[in-house]
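Written below as structure tokens is the structure these notes are about.
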2 protein chains.
Amino acid sequence: MRPFLLACLAASALLAASAGWQSEGVVDVNQSPHARLHAVPVRAVTMGSGFWASRRAVNAEKSIPTMLAELEDHGIVDNFLRLEGKKDVPRRGPLYTDSDLYKWMEAAAFVLQSGDDPKLRAEFDRLTGIILAAQEPSGYLNTYWSEERTAKRFTEMYRSHELYCMGHMLQAAIAYYRATGDRKLLDGGIRFADYMVANFGPAKRPALTGHPEFEMALVELYRTTGDRRYLDFAGYLLSGVERARLHLTGDQLVYLFSGKPFTSRTGLEGHAVRAMYAACGATDYYMETGDAAYLKTLETLWGDLANRKMYITGGVGSRESGESFGEAYELPNAQAYGESCAAIGNMMWNWRMLLARGEARFADVMERALYNGINSGMSLSGTLYCYRNPLESSGEQIRNAWYDTTCCPPNLERILASLPGYMYGTSPRGVYVHLFHNSDLDWRLEDGAGLRIAQRTEYPWKGTVDLTVNPAHAAEFSLFVRIPNWADGTAIRVRGAAPANARGGEYYEIRRRWEPGDTVHVEFAMRPRLVRANPLVREDVGRVAVERGPLVYCLEQPDQPDSNLFDLSLTGGGSGFDSEWRADLLGGVLVLRHAGLASERSLAGEPLYAALEAARPAPGKKVVLTFIPYYAWANRGPSRMEVWVPYTPAAAE
Amino acid sequence: MRPFLLACLAASALLAASAGWQSEGVVDVNQSPHARLHAVPVRAVTMGSGFWASRRAVNAEKSIPTMLAELEDHGIVDNFLRLEGKKDVPRRGPLYTDSDLYKWMEAAAFVLQSGDDPKLRAEFDRLTGIILAAQEPSGYLNTYWSEERTAKRFTEMYRSHELYCMGHMLQAAIAYYRATGDRKLLDGGIRFADYMVANFGPAKRPALTGHPEFEMALVELYRTTGDRRYLDFAGYLLSGVERARLHLTGDQLVYLFSGKPFTSRTGLEGHAVRAMYAACGATDYYMETGDAAYLKTLETLWGDLANRKMYITGGVGSRESGESFGEAYELPNAQAYGESCAAIGNMMWNWRMLLARGEARFADVMERALYNGINSGMSLSGTLYCYRNPLESSGEQIRNAWYDTTCCPPNLERILASLPGYMYGTSPRGVYVHLFHNSDLDWRLEDGAGLRIAQRTEYPWKGTVDLTVNPAHAAEFSLFVRIPNWADGTAIRVRGAAPANARGGEYYEIRRRWEPGDTVHVEFAMRPRLVRANPLVREDVGRVAVERGPLVYCLEQPDQPDSNLFDLSLTGGGSGFDSEWRADLLGGVLVLRHAGLASERSLAGEPLYAALEAARPAPGKKVVLTFIPYYAWANRGPSRMEVWVPYTPAAAE
């Protein structure tokens, strides 16, 4: 046997040895033939102190425990116990409450992927017992479609959320399996999946995911078990061939983002979370099958998202009515819906697109959503949540501890808990740094050689990122460092060499023979930026937004003590921004200051409409506008807030 | 007896002699102690040719006949016939369809107030027979809350529309009585009203107008019959004291605009049509009672409307969700709801406020709504209707012949049919000209002396209005000419004397001894105007609207053949507007042209967000923008449209 082949076999054996649940990431595309990048397991990344560390600590210590208490208080667990005859209470909550508990369990499972917590594990196991005791011998499980509604099972799939709930159950089960190797809940999920596969399909009963979600869960189940029937069933659901048998209306095909062939879609429409989850499932399906029609549709939809229908915060879904996408460029600010779950769906989809295609534009959208439109969804205290995430507010109560439809809170919790799994990746060529935060990667190259990376940074507040690369032994491979699309003039120094310039919006590839202890120093220019929207976004005409690094900023009323926020405008032609680190404010934020004008009299006293020439307002008082990061708004009680600020090009004298 | 007293008695006898149904206007406030102005009957005004004449001809010849056919085709008449056992068909349509037929009948009755039409009268009488045959001996009448739903009558008043439907029935009955003196339908309405009075009230069963409307109908019934119980019952409904007995939620009190004391309201909120109709009823109630708390509340609400919550078109109700008012200054354009019925409600309320207070600001709002946000609701063909009236459109289908909730079409028809009744008014001091159109008033002063006024004008296209005042005999009184609030530098010449200047936003009082044939020449300056919104309307920042006279203009795609409408902006600093009368276009319109810019490349190819400094667009091509009146949009098929156009202060070179 030749040495080369021997080496390959050794590497392959090593990969096989460490394969299994411990090596599976947030999604496990290690065997997916059409994934260009691969995920690293959550446990391979130890998060250090910094921006996300404090959010994650609050998540684990406050959000997750209090949310379980809320779920219990609102009867969501009792809904299972009553079916087992252990509680004599009526069923409570909307028909999809099972999913809220499953999503909470998935969050808990991701916490456990980062390290054991016997109490949390016991809680998970207790809930698993309660849930599985309510499962019927057939595999069917749903607390709403039982008892007097048993006969109606699968007769109203356009609204029943039966597959949606079980999709979340499977995701929780897979996350727990990847945390512990324990298959108990997973086996329950498989029983349901087998029930579906056995009874539904083109030659059997018709099925529909009235709220897409089950598709991505099925592909993940295929990845976890190797059983191709689950992948095929996901393909059947995405094929959308049951319109006639299920008597679906045209409006339903739009709203549900299911029921017609996924590959016939040409734009984003309907319920935003449904559309994002459908796109996740379709991307997962593409990575397994390589079906070019799916890739084409996914790229079309992505263009529609990134060029026409995404808020600057990464939020999606403009309309309250139907929690839906609007027309192209329909991005109202105060009326923005921007459901937290939709921003999460956006990140999840772009994560899958990143794995499929390996291109930085997907990571850019992920980061935009994560730092802004997702991050705004949970209060700094970790116990209050936004369902909507508007970009302008006259001061309504936006954060609440509980919603009857409480999809967003546990969804936010699972994203924060799984965050380490999104930071790095691998390809046959090397290793990728997707996101920036103090962290230690302890993983391997795809040839099986061990690799550790230490990342030290104060990102997003500062632009310096220091990476120390520690391969188990010196080897040639590539380190790909993501350069965000907002980053102009990024300087990269490898092992103290002269700095190179890296372009934004790409992965900067450093291919060399890496020795243990090699360093890479990255310097992102963290200048605050004034950003304008395409004038086709009519709501943003004459207005600017402020960004710095990955953060979108906003004006909030408490920081403008002398003026009604809506009497202010930002003036150009000045000396730019000042910044100040305020450790005492909002958990520690860098505030930005810029010259502006305040109207001399309150605009509320002015007429609603006036002749343009007659209405030239007085230039106004010169003032300083103070901006805080958007994610931190509404943490000092309800207050006025605005992302897109009226802009006066040159300061009036 | 002294001569003065004799004269008074004679005048009073004359007034009494001509009193009765023939002298009653759209609302009859002749006896209302707290009405400062009085309405003239519809029949006292003969409309001449011109702007509204063609709309009214289409209304009478096309809209009203085809709408009855639609109502019949959709089973709305059958819903009555089936209760009488004359049709064996299921009930069709939402629970409030009875009101759609009644509103159609009110429109027909107003047509008959302008002149007899035996065929239309026979149609009305046929429907009256059908309706009354379905009325129960108790007086109860509703096609939805019958048969299997009989037991649920008055148990779900927050949504039942039982009083709403009968309010519209009463209004139709009163309008027909005022057209013909025929009391048949009126007596049916009285039976229902008596049933309510007998069975509901503080010491009886609790009542609620879940959709306000019945209040104003009851006050009108009081005015028509003199029976004070109806006024008192309206007061009871407005008093909103049944919250506890009806278990109303806080959300319901907002949405329904009923259920809590009207006088406790501090702003407009909830369902816009409900709020406007409630305000109509409260104003009617004030005019009869003089209750100062009502007036105070009405003024507060009016300020909220005119200064914070009204579109430039006079449309109200910003949000699709709940068809509701938004927050102050929440006036989105593409997402504007602006239901036709809400603009009509706005006009009806301001008409009542005008009668109550005699101030021109109310007529200004009436005219704004009438010419724009109402007028847009019906196609030029008279057979297609807008339910929503957005101020910006990417080209959706906005006009339809039928809506399952078809409240707006017959509402538009009744407004056009009743229009002559809104044009003039009287007070003890003289006569008022509220609106401008070719017309002949044949009525009397309040002392009983006959008075004719001939009005000749090409308003709104031209600003000249010639009035010839013909008192039966020479007498001293005042002619009040409304000067619209947009009118700068209006010149008024009386009997050829030197012109006087009249201020906009007031009634110009000409007090003199009028001789038969005296002339008044009014010259409104009809300059096109660029208008800006208060910057608190963030959606309109950096944008301007175009108005001329009472008309709001818009850009529509068919008139900009070389550019996508949304690639255009309007530039300042130029030579202003050109105008051209286009007899061939849209039934004859004055088009306006103004300098603008078109982006060199399609904005759709530009990024969604970009750094302000990097994104300075090329100045663009100089183009001419062509504006048409807003009311005429969407008459050439669905197309892009925009009222608020991005504005570049000085033309780029």
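Residues are named by chain letter and number: chains run A, B, ... in the order of the structure tokens, numbers start at 1 in each chain, and ligands are numbered from 1 in the order shown.
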Practice problem: With a distance cut-off of 7 Å and only C-alpha atoms, select the neighbouring residues of Ser376 (chain B), excluding the residue or stretch itself and same-chain residues fewer than 2 positions from it, and output the selection as a VMD selection string. | Solution: chain B and resid 372 to 374 378 630 to 632
Restricting it to N, CA, C and O atoms, dump the selection as a PDB file, in the first residue's frame.
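Saved result, out.pdb, follows:
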ATOM      1  N   ASN B 372     -61.356  64.388  -3.328  1.00  0.00           N
ATOM      2  CA  ASN B 372     -60.172  63.542  -3.421  1.00  0.00           C
ATOM      3  C   ASN B 372     -60.431  62.142  -2.878  1.00  0.00           C
ATOM      4  O   ASN B 372     -60.703  61.225  -3.644  1.00  0.00           O
ATOM      5  N   GLY B 373     -60.415  61.983  -1.580  1.00  0.00           N
ATOM      6  CA  GLY B 373     -60.488  60.637  -0.988  1.00  0.00           C
ATOM      7  C   GLY B 373     -61.821  59.940  -1.151  1.00  0.00           C
ATOM      8  O   GLY B 373     -61.901  58.716  -1.060  1.00  0.00           O
ATOM      9  N   ILE B 374     -62.887  60.697  -1.367  1.00  0.00           N
ATOM     10  CA  ILE B 374     -64.173  60.076  -1.697  1.00  0.00           C
ATOM     11  C   ILE B 374     -64.260  59.866  -3.201  1.00  0.00           C
ATOM     12  O   ILE B 374     -64.588  58.784  -3.683  1.00  0.00           O
ATOM     13  N   MET B 378     -64.825  55.870  -6.673  1.00  0.00           N
ATOM     14  CA  MET B 378     -65.650  55.340  -7.756  1.00  0.00           C
ATOM     15  C   MET B 378     -64.941  55.606  -9.086  1.00  0.00           C
ATOM     16  O   MET B 378     -64.434  56.698  -9.315  1.00  0.00           O
ATOM     17  N   TYR B 630     -55.714  63.235  -8.431  1.00  0.00           N
ATOM     18  CA  TYR B 630     -55.681  61.952  -7.722  1.00  0.00           C
ATOM     19  C   TYR B 630     -56.955  61.145  -7.923  1.00  0.00           C
ATOM     20  O   TYR B 630     -56.914  59.921  -8.075  1.00  0.00           O
ATOM     21  N   TYR B 631     -58.094  61.815  -7.928  1.00  0.00           N
ATOM     22  CA  TYR B 631     -59.356  61.065  -7.985  1.00  0.00           C
ATOM     23  C   TYR B 631     -59.463  60.222  -9.241  1.00  0.00           C
ATOM     24  O   TYR B 631     -60.209  59.246  -9.277  1.00  0.00           O
ATOM     25  N   ALA B 632     -58.702  60.623 -10.285  1.00  0.00           N
ATOM     26  CA  ALA B 632     -58.845  59.963 -11.583  1.00  0.00           C
ATOM     27  C   ALA B 632     -57.885  58.796 -11.777  1.00  0.00           C
ATOM     28  O   ALA B 632     -57.869  58.185 -12.835  1.00  0.00           O
TER      29      ALA B 632
END
Which residues, written as an mmCIF file with N, CA and C atoms, in the first residue's frame, have at least one atom at most 7 Å from His168 (chain B), with only C-alpha atoms counted and residues fewer than 6 positions away on the same chain left out?
data_model
loop_
_atom_site.group_PDB
_atom_site.id
_atom_site.type_symbol
_atom_site.label_atom_id
_atom_site.label_comp_id
_atom_site.auth_asym_id
_atom_site.auth_seq_id
_atom_site.Cartn_x
_atom_site.Cartn_y
_atom_site.Cartn_z
ATOM 1 N N SER B 99 -77.506 46.046 5.439
ATOM 2 C CA SER B 99 -77.171 47.470 5.390
ATOM 3 C C SER B 99 -76.766 47.915 3.988
ATOM 4 N N TYR B 102 -79.887 48.700 2.188
ATOM 5 C CA TYR B 102 -80.482 49.940 2.713
ATOM 6 C C TYR B 102 -79.719 51.168 2.212
ATOM 7 N N LYS B 103 -78.389 51.025 2.162
ATOM 8 C CA LYS B 103 -77.595 52.179 1.716
ATOM 9 C C LYS B 103 -77.859 52.455 0.242
#
Quiz item: Where in region 41-286 of chain B does DSSP assign strand (DSSP E or B), given as a PyMOL selection string?
Solution: chain B and resi 45-47+200+205+271
Could you write out the selected residues, including C-alpha atoms, as a PDB file, in the first residue's frame?
ATOM      1  CA  VAL B  45     -80.693  72.928  -5.565  1.00  0.00           C
ATOM      2  CA  THR B  46     -80.602  72.148  -9.254  1.00  0.00           C
ATOM      3  CA  MET B  47     -77.137  71.136 -10.313  1.00  0.00           C
ATOM      4  CA  PHE B 200     -83.336  48.312  26.130  1.00  0.00           C
ATOM      5  CA  ARG B 205     -81.545  45.066  28.704  1.00  0.00           C
ATOM      6  CA  HIS B 271     -62.004  51.345  13.314  1.00  0.00           C
TER       7      HIS B 271
END
Quiz item: Would you list which chain A residues are within 8 Å of chain B using only C-alpha atoms, as a PyMOL selection string?
Solution: chain A and resi 306-308+312+320-321+327+330+332+334+394+529-536+538-544+566-567+603-604+606-613+615+646
Quiz prompt | Ser340 (chain A) environment, 7 Å, only C-alpha atoms, sequence neighbours closer than 6 positions dropped, as a list in words | solution =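 Using only C-alpha atoms, the neighbours found are Gly373, Ile374, Gly377, Cys386, Tyr387, Arg388, Asn389 and Cys408 of chain A.
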Could you please take those selected residues and save all heavy atoms as a JSON list (two decimals), in the first residue's frame?
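As a result, selection-v2.json now contains:
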[["chain", "number", "residue", "atom", "x", "y", "z"],
["A", 373, "GLY", "N", -31.67, 42.85, 14.24],
["A", 373, "GLY", "CA", -33.09, 42.48, 14.27],
["A", 373, "GLY", "C", -33.42, 41.27, 15.13],
["A", 373, "GLY", "O", -34.57, 41.10, 15.54],
["A", 374, "ILE", "N", -32.43, 40.41, 15.39],
["A", 374, "ILE", "CA", -32.64, 39.32, 16.35],
["A", 374, "ILE", "C", -32.31, 39.82, 17.75],
["A", 374, "ILE", "O", -33.09, 39.64, 18.68],
["A", 374, "ILE", "CB", -31.74, 38.11, 16.01],
["A", 374, "ILE", "CG1", -32.15, 37.48, 14.66],
["A", 374, "ILE", "CG2", -31.75, 37.07, 17.13],
["A", 374, "ILE", "CD1", -31.21, 36.39, 14.16],
["A", 377, "GLY", "N", -34.66, 41.52, 19.93],
["A", 377, "GLY", "CA", -35.87, 40.78, 20.34],
["A", 377, "GLY", "C", -35.89, 40.40, 21.81],
["A", 377, "GLY", "O", -36.95, 40.06, 22.34],
["A", 386, "CYS", "N", -39.44, 41.17, 22.43],
["A", 386, "CYS", "CA", -40.20, 41.80, 21.35],
["A", 386, "CYS", "C", -40.73, 40.72, 20.44],
["A", 386, "CYS", "O", -39.99, 39.82, 20.05],
["A", 386, "CYS", "CB", -39.31, 42.72, 20.50],
["A", 386, "CYS", "SG", -38.73, 44.19, 21.34],
["A", 387, "TYR", "N", -41.99, 40.87, 20.06],
["A", 387, "TYR", "CA", -42.53, 40.03, 19.00],
["A", 387, "TYR", "C", -42.31, 40.79, 17.69],
["A", 387, "TYR", "O", -41.72, 40.29, 16.76],
["A", 387, "TYR", "CB", -44.02, 39.80, 19.28],
["A", 387, "TYR", "CG", -44.66, 38.72, 18.46],
["A", 387, "TYR", "CD1", -44.95, 37.48, 19.03],
["A", 387, "TYR", "CD2", -45.00, 38.93, 17.14],
["A", 387, "TYR", "CE1", -45.56, 36.48, 18.28],
["A", 387, "TYR", "CE2", -45.61, 37.94, 16.39],
["A", 387, "TYR", "CZ", -45.89, 36.72, 16.96],
["A", 387, "TYR", "OH", -46.49, 35.74, 16.20],
["A", 388, "ARG", "N", -42.77, 42.07, 17.68],
["A", 388, "ARG", "CA", -42.47, 42.97, 16.58],
["A", 388, "ARG", "C", -41.16, 43.69, 16.86],
["A", 388, "ARG", "O", -40.83, 43.95, 18.01],
["A", 388, "ARG", "CB", -43.56, 44.04, 16.45],
["A", 388, "ARG", "CG", -44.90, 43.58, 15.97],
["A", 388, "ARG", "CD", -45.85, 44.78, 15.93],
["A", 388, "ARG", "NE", -45.31, 45.81, 15.06],
["A", 388, "ARG", "CZ", -45.31, 47.12, 15.33],
["A", 388, "ARG", "NH1", -45.82, 47.57, 16.46],
["A", 388, "ARG", "NH2", -44.80, 47.98, 14.49],
["A", 389, "ASN", "N", -40.45, 44.07, 15.81],
["A", 389, "ASN", "CA", -39.24, 44.87, 15.95],
["A", 389, "ASN", "C", -39.29, 46.04, 14.98],
["A", 389, "ASN", "O", -38.63, 46.03, 13.94],
["A", 389, "ASN", "CB", -38.00, 43.99, 15.70],
["A", 389, "ASN", "CG", -37.82, 42.95, 16.78],
["A", 389, "ASN", "OD1", -37.21, 43.21, 17.81],
["A", 389, "ASN", "ND2", -38.36, 41.76, 16.57],
["A", 408, "CYS", "N", -41.61, 33.60, 19.63],
["A", 408, "CYS", "CA", -40.33, 34.31, 19.55],
["A", 408, "CYS", "C", -39.42, 34.07, 20.76],
["A", 408, "CYS", "O", -38.21, 33.85, 20.57],
["A", 408, "CYS", "CB", -40.56, 35.81, 19.36],
["A", 408, "CYS", "SG", -41.44, 36.22, 17.84]]
Go through region 361-478 of chain B residue by residue and, counting only C-alpha atoms, keep those with an atom at most 7 Å from region 515-521 of chain B; for each kept residue give the shortest atom pair and its distance in Å to one decimal, ordered by chain and increasing number, as a tab-separated table.
residue	atom	partner	partner_atom	distance
B:Val465	CA	B:His521	CA	6.0
B:Asp466	CA	B:His521	CA	4.7
B:Leu467	CA	B:Val520	CA	5.0
B:Thr468	CA	B:Thr519	CA	4.5
B:Val469	CA	B:Asp518	CA	5.3
B:Asn470	CA	B:Pro516	CA	4.2
B:Pro471	CA	B:Pro516	CA	5.4
B:His473	CA	B:Pro516	CA	6.7
B:Ala474	CA	B:Glu515	CA	4.4
B:Ala475	CA	B:Glu515	CA	6.9
Practice problem: Give the answer as one residue: which of B:Met353, B:Leu384, B:Val624, B:Ala35 has the shortest atom-to-atom distance to Glu299 (chain B), using only C-alpha atoms? | Solution: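 Ranking B:Met353, B:Leu384, B:Val624, B:Ala35 by distance to Glu299 (chain B), first place goes to B:Met353.
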Practice problem: For Gly75 (chain A), work out the shell of residues within 8 Å, counting only C-alpha atoms and skipping chain neighbours fewer than 2 positions away, then give it as a PyMOL selection string. | Solution: chain A and resi 71-73+77-79+91-93
Exercise. Please provide the set of residues having any atom within 9 Å of Arg368 (chain B), restricted to only C-alpha atoms, with same-chain residues fewer than 2 positions apart removed, written as a list in words.
Key: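 In the requested form, the answer reads Ile312, Thr313, Gly314, Gly315, Met347, Ala363, Asp364, Val365, Met366, Leu370, Tyr371, Asn372, Gly373, Ile374, Pro550, Leu551 and Val552 of chain B.
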Store the residues picked out above in a file with all heavy atoms, as a short mmCIF file (atom, residue, chain, number, x, y, z; two decimals), in the first residue's frame.
data_model
loop_
_atom_site.label_atom_id
_atom_site.label_comp_id
_atom_site.auth_asym_id
_atom_site.auth_seq_id
_atom_site.Cartn_x
_atom_site.Cartn_y
_atom_site.Cartn_z
N ILE B 312 -53.84 63.90 3.12
CA ILE B 312 -54.04 65.11 2.33
C ILE B 312 -55.26 64.97 1.42
O ILE B 312 -55.85 65.95 1.00
CB ILE B 312 -52.75 65.43 1.52
CG1 ILE B 312 -52.81 66.83 0.94
CG2 ILE B 312 -52.50 64.38 0.45
CD1 ILE B 312 -51.49 67.29 0.33
N THR B 313 -55.66 63.74 1.18
CA THR B 313 -56.85 63.47 0.36
C THR B 313 -58.15 63.55 1.15
O THR B 313 -59.22 63.35 0.59
CB THR B 313 -56.76 62.05 -0.20
OG1 THR B 313 -56.67 61.15 0.93
CG2 THR B 313 -55.56 61.86 -1.11
N GLY B 314 -58.05 63.81 2.45
CA GLY B 314 -59.24 63.74 3.29
C GLY B 314 -59.59 62.33 3.72
O GLY B 314 -60.56 62.11 4.44
N GLY B 315 -58.79 61.37 3.25
CA GLY B 315 -58.98 60.00 3.70
C GLY B 315 -58.55 59.85 5.16
O GLY B 315 -57.71 60.61 5.64
N MET B 347 -66.53 63.30 5.77
CA MET B 347 -67.33 64.39 5.18
C MET B 347 -68.65 64.55 5.94
O MET B 347 -69.07 65.68 6.23
CB MET B 347 -67.60 64.09 3.71
CG MET B 347 -68.52 65.12 3.05
SD MET B 347 -68.65 64.84 1.27
CE MET B 347 -70.04 65.93 0.87
N ALA B 363 -65.98 73.00 6.48
CA ALA B 363 -66.27 72.87 5.05
C ALA B 363 -64.99 72.59 4.27
O ALA B 363 -65.02 71.89 3.24
CB ALA B 363 -66.94 74.14 4.55
N ASP B 364 -63.87 73.11 4.74
CA ASP B 364 -62.60 72.82 4.07
C ASP B 364 -62.31 71.32 4.08
O ASP B 364 -61.87 70.75 3.08
CB ASP B 364 -61.45 73.58 4.75
CG ASP B 364 -61.43 75.06 4.36
OD1 ASP B 364 -61.90 75.39 3.26
OD2 ASP B 364 -60.93 75.87 5.17
N VAL B 365 -62.51 70.71 5.22
CA VAL B 365 -62.27 69.26 5.30
C VAL B 365 -63.27 68.50 4.44
O VAL B 365 -62.92 67.56 3.72
CB VAL B 365 -62.32 68.78 6.76
CG1 VAL B 365 -62.22 67.24 6.83
CG2 VAL B 365 -61.18 69.39 7.57
N MET B 366 -64.54 68.92 4.48
CA MET B 366 -65.56 68.30 3.61
C MET B 366 -65.13 68.32 2.16
O MET B 366 -65.20 67.32 1.45
CB MET B 366 -66.87 69.11 3.70
CG MET B 366 -67.80 68.76 4.79
SD MET B 366 -69.23 69.91 4.73
CE MET B 366 -69.83 69.67 3.05
N LEU B 370 -64.28 65.24 -0.24
CA LEU B 370 -65.20 65.03 -1.36
C LEU B 370 -64.47 64.94 -2.69
O LEU B 370 -64.67 64.01 -3.48
CB LEU B 370 -66.22 66.17 -1.40
CG LEU B 370 -67.18 66.18 -2.60
CD1 LEU B 370 -68.08 64.95 -2.57
CD2 LEU B 370 -68.01 67.46 -2.60
N TYR B 371 -63.59 65.91 -2.96
CA TYR B 371 -62.94 65.97 -4.27
C TYR B 371 -61.84 64.92 -4.43
O TYR B 371 -61.43 64.64 -5.55
CB TYR B 371 -62.32 67.36 -4.49
CG TYR B 371 -63.31 68.36 -5.05
CD1 TYR B 371 -64.06 69.17 -4.21
CD2 TYR B 371 -63.50 68.47 -6.43
CE1 TYR B 371 -64.97 70.08 -4.72
CE2 TYR B 371 -64.41 69.38 -6.95
CZ TYR B 371 -65.13 70.19 -6.10
OH TYR B 371 -66.04 71.08 -6.62
N ASN B 372 -61.36 64.39 -3.33
CA ASN B 372 -60.17 63.54 -3.42
C ASN B 372 -60.43 62.14 -2.88
O ASN B 372 -60.70 61.22 -3.64
CB ASN B 372 -59.01 64.24 -2.71
CG ASN B 372 -58.75 65.62 -3.29
OD1 ASN B 372 -58.30 65.75 -4.42
ND2 ASN B 372 -59.06 66.67 -2.53
N GLY B 373 -60.41 61.98 -1.58
CA GLY B 373 -60.49 60.64 -0.99
C GLY B 373 -61.82 59.94 -1.15
O GLY B 373 -61.90 58.72 -1.06
N ILE B 374 -62.89 60.70 -1.37
CA ILE B 374 -64.17 60.08 -1.70
C ILE B 374 -64.26 59.87 -3.20
O ILE B 374 -64.59 58.78 -3.68
CB ILE B 374 -65.35 60.96 -1.22
CG1 ILE B 374 -65.37 61.05 0.31
CG2 ILE B 374 -66.68 60.46 -1.77
CD1 ILE B 374 -66.39 62.04 0.87
N PRO B 550 -59.12 72.68 -5.05
CA PRO B 550 -59.43 71.66 -4.05
C PRO B 550 -58.87 70.29 -4.40
O PRO B 550 -59.05 69.34 -3.64
CB PRO B 550 -60.97 71.61 -4.09
CG PRO B 550 -61.30 71.95 -5.50
CD PRO B 550 -60.26 72.96 -5.95
N LEU B 551 -58.19 70.20 -5.54
CA LEU B 551 -57.75 68.89 -6.03
C LEU B 551 -56.33 68.58 -5.61
O LEU B 551 -55.42 69.41 -5.77
CB LEU B 551 -57.84 68.84 -7.55
CG LEU B 551 -59.24 68.90 -8.16
CD1 LEU B 551 -59.15 68.98 -9.68
CD2 LEU B 551 -60.07 67.69 -7.72
N VAL B 552 -56.16 67.36 -5.11
CA VAL B 552 -54.83 66.80 -4.91
C VAL B 552 -54.44 66.10 -6.21
O VAL B 552 -55.27 65.40 -6.81
CB VAL B 552 -54.83 65.81 -3.74
CG1 VAL B 552 -53.49 65.11 -3.59
CG2 VAL B 552 -55.22 66.52 -2.44
#
Practice problem: Kindly give the distance, in Å, that separates CA of Tyr337 (chain B) and CA of Tyr337 (chain A), rounded to a single decimal. | Solution: 16.6 Å
Practice problem: Please provide the set of residues having any atom within 12 Å of Leu412 (chain B), restricted to only C-alpha atoms, with same-chain residues fewer than 6 positions apart removed, written as a ChimeraX atom specification. | Solution: /B:55-56,59-60,63-64,67,100,103-104,106-108,339-345,347-348,369-370,373-379,382-387,406,418-419
Quiz item: Which neighbours of Gly226 (chain A) fall inside 10 Å, counting only C-alpha atoms, when residues of the same chain fewer than 6 positions from it are skipped, and could you give them as a ChimeraX atom specification?
Solution: /A:31,219-220
Self-check item: Picked from region 527-567 of chain A by DSSP as helix (DSSP H, G or I), as a ChimeraX atom specification
Solution: /A:538-540,557-559,565-567
File of the preceding selection, N, CA, C and O atoms, as a tab-separated table (two decimals), in the first residue's frame:
chain	number	residue	atom	x	y	z
A	538	ARG	N	-39.56	54.40	-0.36
A	538	ARG	CA	-40.07	55.77	-0.24
A	538	ARG	C	-40.13	56.23	1.21
A	538	ARG	O	-39.99	57.43	1.49
A	539	GLU	N	-40.33	55.31	2.13
A	539	GLU	CA	-40.40	55.69	3.54
A	539	GLU	C	-39.07	56.26	4.05
A	539	GLU	O	-39.04	56.93	5.07
A	540	ASP	N	-37.96	55.96	3.37
A	540	ASP	CA	-36.66	56.40	3.86
A	540	ASP	C	-36.08	57.56	3.05
A	540	ASP	O	-34.95	57.97	3.29
A	557	GLN	N	-35.35	58.32	22.81
A	557	GLN	CA	-35.71	59.54	23.52
A	557	GLN	C	-34.87	59.82	24.77
A	557	GLN	O	-34.46	60.96	24.99
A	558	PRO	N	-34.59	58.83	25.62
A	558	PRO	CA	-33.86	59.16	26.86
A	558	PRO	C	-32.50	59.81	26.62
A	558	PRO	O	-32.00	60.51	27.50
A	559	ASP	N	-31.93	59.61	25.45
A	559	ASP	CA	-30.61	60.20	25.19
A	559	ASP	C	-30.70	61.60	24.58
A	559	ASP	O	-29.67	62.22	24.32
A	565	LEU	N	-37.79	63.65	20.24
A	565	LEU	CA	-36.96	62.99	19.25
A	565	LEU	C	-37.41	63.28	17.83
A	565	LEU	O	-36.59	63.41	16.91
A	566	PHE	N	-38.74	63.40	17.65
A	566	PHE	CA	-39.25	63.58	16.29
A	566	PHE	C	-39.15	65.02	15.81
A	566	PHE	O	-39.51	65.33	14.68
A	567	ASP	N	-38.65	65.93	16.65
A	567	ASP	CA	-38.36	67.30	16.23
A	567	ASP	C	-36.91	67.43	15.75
A	567	ASP	O	-36.47	68.54	15.44
Quiz prompt | Two-atom distance - CA of Val254 (chain B), CA of Ser318 (chain B) (Å) | solution = 15.1 Å
